[in-house]
Structures are given as C-alpha cells and as structure tokens.
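Student: So that we are looking at the same thing, I have put the structure below in structure tokens.
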Amino acid sequence: MPSSLLRTAQYKKRKRLGQTIVEVIIATGVVGLVMTAVVAVVTVSVRNASRAKAKALGTKYTQEGIEYFRAQKNLMGWESFVGAIQEGGSTPTYCLATLPYTQNGGLENLPNRPCQASEFVDSNDLYQRSANVTLGVLGGQDAVTVTVTTTWEDGDRMTESTATVEFQQSQP
C-alpha cells in the first residue's frame with residue numbers, strides 16, 4: 001500500500017476516533033441534563049404528596065372537632081349544651097388536644113383556654129386543634145357557632161384547616 005494511502009487511512013481513523021469522543025461527551029451531557037430534570041420533578045412530587053397528606057390529616061382533625069361538638073349537643077341536650085358553653089364566658093376558646101367523652105357529654109372536661117405549646121392532637125406533636133364558640137341568636141332562636149381550627153407547621157410556614165358549624169335548638 002502506498003504511503004499516501006496509508007496516511008489517509010490513518011487520518012480518517014483518527015478523525016472518526018475524535019468524533020466518537022465528542023459524541024460520548026455530548027451524550028453524557030444530555031443524559032446528565034435529563035437526570036437533573038427527573039430528580040427535580042420527583043423532588044417536587046414528593047413534597048407535594050407530603051403536603052397533601054398533611055393537609056388531609058389536618059382536615060380530618062378539624063372535622064373530628066366539629067363532630068365532637070355535634071355529639072356533645074346530642075348527648076347533653078340543648079339546654080345543658082348552651083349552659084356549659086355559657087359557663088365558659090361570652091366567647092370561650094377550648095383546647096381540643098383530647099376529646100373527652102362522658103355519659104352525659106364531656107364538654108365540661110375541655111380546657112377553656114387556647115392550647116399550650118405542649119398540647120398536640122397527634123403523637124408526633126405536629127397538630128394543634130382549638131375551638132372558638134360564640135352564642136347568639138339566629139332567626140329568633142338561640143344559636144351556637146363553633147369554629148374549629150387545626151394548625152401545623154409545614155416546612156417553614158404555619159398551615160391551618162378551619163371549619164365552622166352553627167347549631168340551633170330543634171323545634172319540638
């Protein structure tokens with residue numbers, strides 16, 4: 001084989017080898033970009049799932065508080081229910097860290113004050129629940145308005161779930 005042909009063949013081989021290295025570097029960069037994007041999407045998805053779970057649990061605790069007051073009204077009867085609330089002052093705030101039930105209600109066992117820093121609903125010490133109760137008149141009848149609020153820390157911000165219910169004395 002003549003030397004010029006040999007040099008041309010070697011040159012083409014080196015050129016192809018150089019192109020292969022460039023292709024590998026470009027492919028590695030593209031794979032790195034794709035992996036970075038995938039990790040970012042997975043991170044956001046996990047954070048959103050965690051927040052959704054926390055919100056669902058906060059909403060559950062709030063609804064439990066509302067149902068507790070509904071059960072108290074049914075167990076105690078209207079007059080006793082309103083009387084127990086009136087004993088708490090004009091607009092009592094109850095800490096609902098626990099929901100005590102007794103044979104004739106249990107509302108009298110609730111702490112009539114905001115929750116302290118150490119009073120939580122859950123065993124992980126994340127959720128605090130309280131109820132603000134107001135007495136009023138609605139449509140000419142006595143009414144009790146209960147607003148239950150559950151708060152928790154979600155990362156670096158405080159989050160809350162709130163629900164309100166109004167009770168009136170049933171017509172005979």
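Please note that chains go A, B, ... in the order of the structure tokens, that every chain numbers its residues from 1, and that ligands are numbered from 1 in the order shown.
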Could you tell me, as a PyMOL selection string, which residues of chain A DSSP assigns to strand (DSSP E or B) when given the backbone?
Tutor: chain A and resi 93-95+102+105+128-138+141-154+157-168
Student: Quick one: write out the picked residues with C-alpha atoms as a PDB file, in the first residue's frame?
Tutor:
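Saved as out_0.pdb:
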```
ATOM      1  CA  THR A  93     -61.889  29.065  73.343  1.00  0.00           C
ATOM      2  CA  TYR A  94     -61.370  25.378  74.012  1.00  0.00           C
ATOM      3  CA  CYS A  95     -58.165  23.407  73.542  1.00  0.00           C
ATOM      4  CA  THR A 102     -68.598  11.071  79.477  1.00  0.00           C
ATOM      5  CA  GLY A 105     -71.305  14.717  77.452  1.00  0.00           C
ATOM      6  CA  GLN A 128     -52.834  21.576  67.497  1.00  0.00           C
ATOM      7  CA  ARG A 129     -56.616  21.941  67.499  1.00  0.00           C
ATOM      8  CA  SER A 130     -58.829  24.524  69.180  1.00  0.00           C
ATOM      9  CA  ALA A 131     -62.435  25.664  69.011  1.00  0.00           C
ATOM     10  CA  ASN A 132     -63.901  29.147  69.337  1.00  0.00           C
ATOM     11  CA  VAL A 133     -67.539  29.091  70.416  1.00  0.00           C
ATOM     12  CA  THR A 134     -69.979  32.004  70.255  1.00  0.00           C
ATOM     13  CA  LEU A 135     -73.552  32.254  71.466  1.00  0.00           C
ATOM     14  CA  GLY A 136     -76.020  34.292  69.502  1.00  0.00           C
ATOM     15  CA  VAL A 137     -79.477  34.471  68.029  1.00  0.00           C
ATOM     16  CA  LEU A 138     -80.335  33.279  64.550  1.00  0.00           C
ATOM     17  CA  GLN A 141     -83.712  31.312  68.219  1.00  0.00           C
ATOM     18  CA  ASP A 142     -80.624  30.764  70.329  1.00  0.00           C
ATOM     19  CA  ALA A 143     -77.689  29.647  68.202  1.00  0.00           C
ATOM     20  CA  VAL A 144     -74.228  28.319  68.934  1.00  0.00           C
ATOM     21  CA  THR A 145     -71.469  28.843  66.364  1.00  0.00           C
ATOM     22  CA  VAL A 146     -68.415  26.605  66.654  1.00  0.00           C
ATOM     23  CA  THR A 147     -65.256  27.251  64.635  1.00  0.00           C
ATOM     24  CA  VAL A 148     -62.627  24.525  64.891  1.00  0.00           C
ATOM     25  CA  THR A 149     -59.102  25.316  63.719  1.00  0.00           C
ATOM     26  CA  THR A 150     -56.262  22.834  63.374  1.00  0.00           C
ATOM     27  CA  THR A 151     -52.768  24.254  62.858  1.00  0.00           C
ATOM     28  CA  TRP A 152     -49.460  22.629  61.971  1.00  0.00           C
ATOM     29  CA  GLU A 153     -46.052  23.616  60.700  1.00  0.00           C
ATOM     30  CA  ASP A 154     -45.435  22.700  57.075  1.00  0.00           C
ATOM     31  CA  ARG A 157     -44.725  28.073  57.339  1.00  0.00           C
ATOM     32  CA  MET A 158     -47.752  27.591  59.569  1.00  0.00           C
ATOM     33  CA  THR A 159     -50.759  25.995  57.889  1.00  0.00           C
ATOM     34  CA  GLU A 160     -54.310  25.637  59.148  1.00  0.00           C
ATOM     35  CA  SER A 161     -57.582  23.909  58.463  1.00  0.00           C
ATOM     36  CA  THR A 162     -60.779  25.617  59.658  1.00  0.00           C
ATOM     37  CA  ALA A 163     -64.427  24.550  59.722  1.00  0.00           C
ATOM     38  CA  THR A 164     -67.496  26.273  61.177  1.00  0.00           C
ATOM     39  CA  VAL A 165     -70.896  24.882  62.165  1.00  0.00           C
ATOM     40  CA  GLU A 166     -73.980  26.585  63.591  1.00  0.00           C
ATOM     41  CA  PHE A 167     -76.312  24.796  65.967  1.00  0.00           C
ATOM     42  CA  GLN A 168     -79.870  25.830  66.768  1.00  0.00           C
TER      43      GLN A 168
END
```
Student: Under the rule of at most 12 Å, produce a per-residue listing of segment 64-104 of chain A near segment 111-117 of chain A: chain, number, name, the closest pair of atoms, and the distance in Å, as CSV, using only C-alpha atoms.
Tutor:
```
residue,atom,partner,partner_atom,distance
A:Ala84,CA,A:Asn112,CA,10.8
A:Ile85,CA,A:Asn112,CA,9.6
A:Gln86,CA,A:Asn112,CA,11.4
A:Glu87,CA,A:Asn112,CA,9.7
A:Gly88,CA,A:Asn112,CA,6.5
A:Gly89,CA,A:Asn112,CA,9.1
A:Ser90,CA,A:Asn112,CA,11.7
A:Thr91,CA,A:Asn112,CA,10.1
A:Pro92,CA,A:Asn112,CA,6.3
A:Thr93,CA,A:Arg113,CA,5.3
A:Tyr94,CA,A:Asn112,CA,4.6
A:Cys95,CA,A:Cys115,CA,4.8
A:Leu96,CA,A:Cys115,CA,7.6
A:Ala97,CA,A:Cys115,CA,7.5
A:Thr98,CA,A:Pro111,CA,9.5
A:Leu99,CA,A:Pro111,CA,10.2
A:Pro100,CA,A:Pro111,CA,10.3
```
Student: Store the residues of this selection in a file with N, CA and C atoms, as an mmCIF file, in the first residue's frame.
Tutor:
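Final output, saved to again_32.cif:
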```cif
data_model
loop_
_atom_site.group_PDB
_atom_site.id
_atom_site.type_symbol
_atom_site.label_atom_id
_atom_site.label_comp_id
_atom_site.auth_asym_id
_atom_site.auth_seq_id
_atom_site.Cartn_x
_atom_site.Cartn_y
_atom_site.Cartn_z
ATOM 1 N N ALA A 84 -73.411 24.837 79.471
ATOM 2 C CA ALA A 84 -71.979 24.534 79.624
ATOM 3 C C ALA A 84 -71.139 25.558 78.868
ATOM 4 N N ILE A 85 -71.604 25.986 77.718
ATOM 5 C CA ILE A 85 -70.861 26.986 76.941
ATOM 6 C C ILE A 85 -70.929 28.340 77.628
ATOM 7 N N GLN A 86 -72.093 28.691 78.182
ATOM 8 C CA GLN A 86 -72.229 29.979 78.875
ATOM 9 C C GLN A 86 -71.306 30.053 80.088
ATOM 10 N N GLU A 87 -71.063 28.922 80.729
ATOM 11 C CA GLU A 87 -70.140 28.898 81.865
ATOM 12 C C GLU A 87 -68.726 29.263 81.438
ATOM 13 N N GLY A 88 -68.407 29.044 80.162
ATOM 14 C CA GLY A 88 -67.073 29.341 79.657
ATOM 15 C C GLY A 88 -66.853 30.802 79.339
ATOM 16 N N GLY A 89 -67.862 31.632 79.451
ATOM 17 C CA GLY A 89 -67.713 33.058 79.139
ATOM 18 C C GLY A 89 -68.445 33.406 77.855
ATOM 19 N N SER A 90 -68.263 34.639 77.409
ATOM 20 C CA SER A 90 -69.023 35.101 76.237
ATOM 21 C C SER A 90 -68.549 34.443 74.944
ATOM 22 N N THR A 91 -67.263 34.255 74.772
ATOM 23 C CA THR A 91 -66.742 33.555 73.586
ATOM 24 C C THR A 91 -65.599 32.637 74.013
ATOM 25 N N PRO A 92 -65.941 31.480 74.569
ATOM 26 C CA PRO A 92 -64.886 30.592 75.052
ATOM 27 C C PRO A 92 -64.048 29.998 73.915
ATOM 28 N N THR A 93 -62.800 29.773 74.230
ATOM 29 C CA THR A 93 -61.889 29.065 73.343
ATOM 30 C C THR A 93 -61.471 27.795 74.055
ATOM 31 N N TYR A 94 -61.686 26.665 73.413
ATOM 32 C CA TYR A 94 -61.370 25.378 74.012
ATOM 33 C C TYR A 94 -60.162 24.766 73.317
ATOM 34 N N CYS A 95 -59.268 24.192 74.101
ATOM 35 C CA CYS A 95 -58.165 23.407 73.542
ATOM 36 C C CYS A 95 -58.692 21.992 73.311
ATOM 37 N N LEU A 96 -58.588 21.514 72.100
ATOM 38 C CA LEU A 96 -59.115 20.193 71.750
ATOM 39 C C LEU A 96 -57.988 19.190 71.520
ATOM 40 N N ALA A 97 -56.973 19.219 72.376
ATOM 41 C CA ALA A 97 -55.893 18.239 72.247
ATOM 42 C C ALA A 97 -56.444 16.831 72.456
ATOM 43 N N THR A 98 -57.388 16.707 73.381
ATOM 44 C CA THR A 98 -58.112 15.451 73.566
ATOM 45 C C THR A 98 -59.602 15.777 73.494
ATOM 46 N N LEU A 99 -60.396 14.772 73.220
ATOM 47 C CA LEU A 99 -61.851 14.947 73.130
ATOM 48 C C LEU A 99 -62.505 14.045 74.170
ATOM 49 N N PRO A 100 -62.680 14.547 75.391
ATOM 50 C CA PRO A 100 -63.214 13.705 76.470
ATOM 51 C C PRO A 100 -64.713 13.446 76.305
#
```
Student: Could you check which of A:Val38, A:Gly29, A:Glu119, A:Leu107 is closest to Gly65 of chain A, using only C-alpha atoms?
Tutor: A:Leu107
Student: Counting only C-alpha atoms, which of A:Ala52, A:Gly155, A:Val44, A:Gly106 gets nearest to Tyr68 of chain A?
Tutor: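 Counting only C-alpha atoms, the residue closest to Tyr68 of chain A is A:Gly106.
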Student: Atom CA of Lys73 of chain A and atom CA of Ser170 of chain A are how many Å apart?
Tutor: 10.8 Å
Student: Report as an NGL selection string: the residues of chain A with a DSSP assignment of alpha helix (DSSP H), based on the backbone of this structure.
Tutor: :A and (3-76 or 78-87)
